[in-house]
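Chemist: Structure below; questions to follow.
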Amino acid sequence: MHSTHIAIIASVVAVSGTVANADIVRVDEFRSDQTESFEQLRMDVFHHGDVESFGGMGTLFSVGESGYLHTTGSWSFHQRVAAFDGERLLGSNAGIGYRFNEAQRSFGGFFSSITSDADGEIRFYSGEDLIGTDTLDAPIDTSWAWNGWSSDQEFDRVEIESSYISKGYLLHDAIRVLSSAVPAPGGAVLAFGGLLVIARRKR
């Protein structure tokens, strides 16, 4: 066997240890005792660093190195959007991450974009393993859209980025998590893969 083929196989084995697959389903709005509406967070207006959330069960952080977290009653960029629930919402100039002290199976909330680019991406992690991704619905008409998911595999971190060039200016509100799964409408399953590596032998 050629050394290049050995190297490819070794790379596949190494990657397989850090990438997992999960079946993740979109779910309708659900209720949970574990909610975060960003009303009582101890943070600066434009906060650099982690912030305790979910009553101490979780931590908020900026996905970007130079990113900040911003909590306010309304925020404008290409358009102004007011809080969906209560008096405050959460935003950032970069992506936003949620880290949980306990494993979760469901995540959801309301989202809106204040840029000219709708939608975004959500990624689910278990430790350092990426277990699934999906497109996130975030309208640009000042309205809010519900997004919710359940996973057959537990996760302890979620990262959300917008479609905008900086990956930020996507607003979050009324976020909730559950340690149990939520039934999916119609039972439709979205399967998410990790990496697919195809090696072709030269002939």
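Residues in the structure tokens are numbered from 1 in each chain, the chains being A, B, ... in the order shown, and ligands are numbered from 1 in the order shown.
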Excluding A:His47 and its own-chain neighbours fewer than 6 positions away, which residues fall within 10 Å of it when counting only C-alpha atoms? Please give them as number ranges by chain.

Modeler: A: 61-62, 67-71, 92

Chemist: Write the residues you've just listed into a file as a PDB file, in the first residue's frame, and include C-alpha atoms for each of them.

Modeler:
ATOM      1  CA  PHE A  61     -20.222  33.442  25.058  1.00  0.00           C
ATOM      2  CA  SER A  62     -19.272  35.104  21.782  1.00  0.00           C
ATOM      3  CA  GLY A  67     -17.032  39.547  19.570  1.00  0.00           C
ATOM      4  CA  TYR A  68     -19.144  41.040  22.342  1.00  0.00           C
ATOM      5  CA  LEU A  69     -22.538  40.188  23.804  1.00  0.00           C
ATOM      6  CA  HIS A  70     -25.156  42.944  23.784  1.00  0.00           C
ATOM      7  CA  THR A  71     -28.392  42.998  25.756  1.00  0.00           C
ATOM      8  CA  SER A  92     -23.738  40.198  19.213  1.00  0.00           C
TER       9      SER A  92
END

Chemist: Based on the backbone DSSP call, show me all residues of stretch 14-167 of chain A assigned helix (DSSP H, G or I), as number ranges by chain.

Modeler: A: 14-16, 54-56

Chemist: Quick one: residues within 10 Å of A:Val81, only C-alpha atoms, excluding same-chain residues fewer than 3 positions away - as a list in words?

Modeler: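 Surrounding residues, per the criterion: Gly73, Ser74, Trp75, Ser76, Phe77, His78, Phe84, Leu89, Ser112, Ser113, Ile114, Ile140, Asp141, Thr142, Ser143, Trp144 and Leu171 of chain A.
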
Chemist: Between A:Ser66, A:Gln40, A:Gln153, A:Asn93, which residue has the minimum interatomic distance to A:Phe124, considering only C-alpha atoms?

Modeler: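 With only C-alpha atoms as the atom set, the closest residue is A:Gln153.
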
Chemist: If we count only C-alpha atoms, what is near A:Ser179 at a cut-off of 7 Å, once residues fewer than 5 positions away on the same chain are taken out, given as a PyMOL selection string?

Modeler: chain A and resi 103-106

Chemist: Can you spit out the residues from that selection as a PDB file, in the first residue's frame, using N, CA and C atoms?

Modeler:
ATOM      1  N   ALA A 103     -26.155  17.851  30.327  1.00  0.00           N
ATOM      2  CA  ALA A 103     -26.479  17.449  28.951  1.00  0.00           C
ATOM      3  C   ALA A 103     -27.948  17.740  28.648  1.00  0.00           C
ATOM      4  N   GLN A 104     -28.214  18.191  27.417  1.00  0.00           N
ATOM      5  CA  GLN A 104     -29.552  18.548  26.972  1.00  0.00           C
ATOM      6  C   GLN A 104     -29.941  17.727  25.744  1.00  0.00           C
ATOM      7  N   ARG A 105     -31.250  17.674  25.465  1.00  0.00           N
ATOM      8  CA  ARG A 105     -31.731  16.966  24.282  1.00  0.00           C
ATOM      9  C   ARG A 105     -32.558  17.870  23.364  1.00  0.00           C
ATOM     10  N   SER A 106     -33.046  19.021  23.882  1.00  0.00           N
ATOM     11  CA  SER A 106     -33.872  19.925  23.072  1.00  0.00           C
ATOM     12  C   SER A 106     -33.439  21.362  23.300  1.00  0.00           C
TER      13      SER A 106
END

Chemist: Hey, which of A:Lys167, A:Arg123, A:Arg176, A:Arg157 ends up closest to A:Gly91? Count only C-alpha atoms.

Modeler: A:Lys167

Chemist: Could you check the closest approach to A:Ser116 for each of A:Ser162, A:Gly86, A:Leu136, A:Ala181 and tell me which residue wins, using only C-alpha atoms?

Modeler: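 Using only C-alpha atoms, A:Ser116 sits closest to A:Ser162.
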
Chemist: Hey, which of A:Ala20, A:Ala184, A:Phe38, A:Ile96 ends up closest to A:Gly64? Count only C-alpha atoms.

Modeler: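 Smallest separation from A:Gly64 among the options: A:Ile96.
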
Chemist: Using backbone DSSP assignments, extract all strand (DSSP E or B) residues from stretch 76-200 of chain A; output them as a PyMOL selection string.

Modeler: chain A and resi 76+80-82+89-92+96-113+120-126+129-136+145-162+170-178+190-192

Chemist: Between atom CA of A:Phe46 and atom CA of A:Gly120, what is the distance in Å, rounded to a tenth?

Modeler: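 Those two atoms sit 21.9 Å apart.
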
Chemist: For atom CA of A:Ser53 and atom CA of A:Ile122, quote the distance in Å rounded to one decimal.

Modeler: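 Here the two named atoms are 18.9 Å from each other.
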
Chemist: Distance atom CA of A:Asp23-atom CA of A:Asp152, one decimal place?

Modeler: 5.7 Å

Chemist: List the spatial neighbours of A:Gly56 as a list in words - criterion: any atom at most 12 Å away, only C-alpha atoms, same-chain residues fewer than 2 positions off excluded.

Modeler: Gln34, Thr35, Glu36, Gln40, Leu41, Arg42, Val51, Glu52, Ser53, Phe54, Gly58, Thr59, Leu60, Arg99, Phe100, Asn101 and Glu102 of chain A

Chemist: Could the residues in this selection be written to a file with N, CA and C atoms, as a short mmCIF file (atom, residue, chain, number, x, y, z; two decimals), in the first residue's frame?

Modeler:
data_model
loop_
_atom_site.label_atom_id
_atom_site.label_comp_id
_atom_site.auth_asym_id
_atom_site.auth_seq_id
_atom_site.Cartn_x
_atom_site.Cartn_y
_atom_site.Cartn_z
N GLN A 34 -36.39 25.62 32.15
CA GLN A 34 -35.06 26.16 31.90
C GLN A 34 -35.14 27.14 30.74
N THR A 35 -35.38 28.42 31.06
CA THR A 35 -35.54 29.45 30.03
C THR A 35 -34.60 30.62 30.31
N GLU A 36 -34.33 31.38 29.25
CA GLU A 36 -33.50 32.57 29.37
C GLU A 36 -34.08 33.65 28.46
N GLN A 40 -32.21 39.49 33.45
CA GLN A 40 -31.47 39.71 34.69
C GLN A 40 -29.99 39.35 34.57
N LEU A 41 -29.42 39.38 33.40
CA LEU A 41 -28.03 38.99 33.24
C LEU A 41 -27.09 40.02 33.83
N ARG A 42 -26.04 39.56 34.49
CA ARG A 42 -25.02 40.45 35.03
C ARG A 42 -23.93 40.64 33.98
N VAL A 51 -20.82 34.94 30.17
CA VAL A 51 -21.88 35.44 31.04
C VAL A 51 -22.68 34.26 31.56
N GLU A 52 -22.87 34.20 32.88
CA GLU A 52 -23.69 33.14 33.47
C GLU A 52 -25.14 33.33 33.05
N SER A 53 -25.81 32.23 32.69
CA SER A 53 -27.19 32.31 32.22
C SER A 53 -27.98 31.09 32.70
N PHE A 54 -29.27 31.07 32.39
CA PHE A 54 -30.15 29.98 32.80
C PHE A 54 -30.04 29.70 34.30
N GLY A 58 -26.09 27.51 32.73
CA GLY A 58 -25.44 27.68 31.45
C GLY A 58 -24.56 28.92 31.41
N THR A 59 -23.85 29.03 30.29
CA THR A 59 -22.97 30.17 30.06
C THR A 59 -23.14 30.66 28.63
N LEU A 60 -23.23 31.97 28.47
CA LEU A 60 -23.27 32.59 27.15
C LEU A 60 -21.87 33.05 26.79
N ARG A 99 -23.33 27.29 26.45
CA ARG A 99 -22.68 26.12 27.03
C ARG A 99 -23.45 25.72 28.29
N PHE A 100 -23.78 24.42 28.41
CA PHE A 100 -24.61 23.95 29.51
C PHE A 100 -23.82 23.03 30.44
N ASN A 101 -24.10 23.15 31.74
CA ASN A 101 -23.44 22.31 32.73
C ASN A 101 -23.98 20.89 32.73
N GLU A 102 -25.20 20.72 32.22
CA GLU A 102 -25.83 19.42 32.14
C GLU A 102 -26.20 19.12 30.69
#

Chemist: Could you give me, as a list in words, the residues within 6 Å of A:Phe110, counting only C-alpha atoms and dropping anything in the same chain fewer than 6 positions from it?

Modeler: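 Answer for this query is Trp144, Ala145, Trp146, His172 and Asp173 of chain A.
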
Chemist: Could you write out that same residue set with N, CA and C atoms as a PDB file, in the first residue's frame?

Modeler:
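Below is the file selection_31.pdb, written as the result:
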ATOM      1  N   TRP A 144     -40.174  37.988  14.416  1.00  0.00           N
ATOM      2  CA  TRP A 144     -39.412  36.927  15.074  1.00  0.00           C
ATOM      3  C   TRP A 144     -39.890  35.569  14.574  1.00  0.00           C
ATOM      4  N   ALA A 145     -38.988  34.601  14.478  1.00  0.00           N
ATOM      5  CA  ALA A 145     -39.339  33.259  14.034  1.00  0.00           C
ATOM      6  C   ALA A 145     -38.925  32.240  15.094  1.00  0.00           C
ATOM      7  N   TRP A 146     -39.832  31.315  15.401  1.00  0.00           N
ATOM      8  CA  TRP A 146     -39.506  30.213  16.306  1.00  0.00           C
ATOM      9  C   TRP A 146     -38.622  29.202  15.590  1.00  0.00           C
ATOM     10  N   HIS A 172     -31.587  37.100  19.643  1.00  0.00           N
ATOM     11  CA  HIS A 172     -32.111  35.926  20.337  1.00  0.00           C
ATOM     12  C   HIS A 172     -33.077  36.390  21.422  1.00  0.00           C
ATOM     13  N   ASP A 173     -34.140  35.623  21.650  1.00  0.00           N
ATOM     14  CA  ASP A 173     -35.039  35.905  22.767  1.00  0.00           C
ATOM     15  C   ASP A 173     -35.827  34.648  23.120  1.00  0.00           C
TER      16      ASP A 173
END

Chemist: Tell me which protein, DNA and RNA residues are within 10 Å of A:Tyr125, counting only C-alpha atoms, leaving out same-chain ones fewer than 3 positions away, and put them as a compact mmCIF listing (two decimals) with C-alpha atoms, in the first residue's frame.

Modeler:
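Saved the output as around-v5.txt:
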# COMPACT_ATOMS: atom_id res chain seq x y z
CA VAL A 19 -16.96 13.78 14.62
CA ALA A 20 -20.28 12.20 15.61
CA ARG A 99 -22.68 26.12 27.03
CA GLU A 128 -15.61 18.81 21.32
CA ASP A 129 -17.59 16.59 18.93
CA LEU A 130 -19.85 18.26 16.37
CA ILE A 131 -23.01 16.13 16.30
CA GLY A 132 -25.23 18.12 13.95
CA THR A 133 -25.97 21.34 12.08
CA GLN A 153 -27.92 12.32 21.18
CA GLU A 154 -27.22 14.57 24.15
CA PHE A 155 -25.46 17.91 23.58
CA ASP A 156 -23.86 20.39 25.97
CA ARG A 157 -23.06 23.29 23.63
CA VAL A 158 -24.88 25.16 20.88
CA GLU A 159 -23.34 27.78 18.58
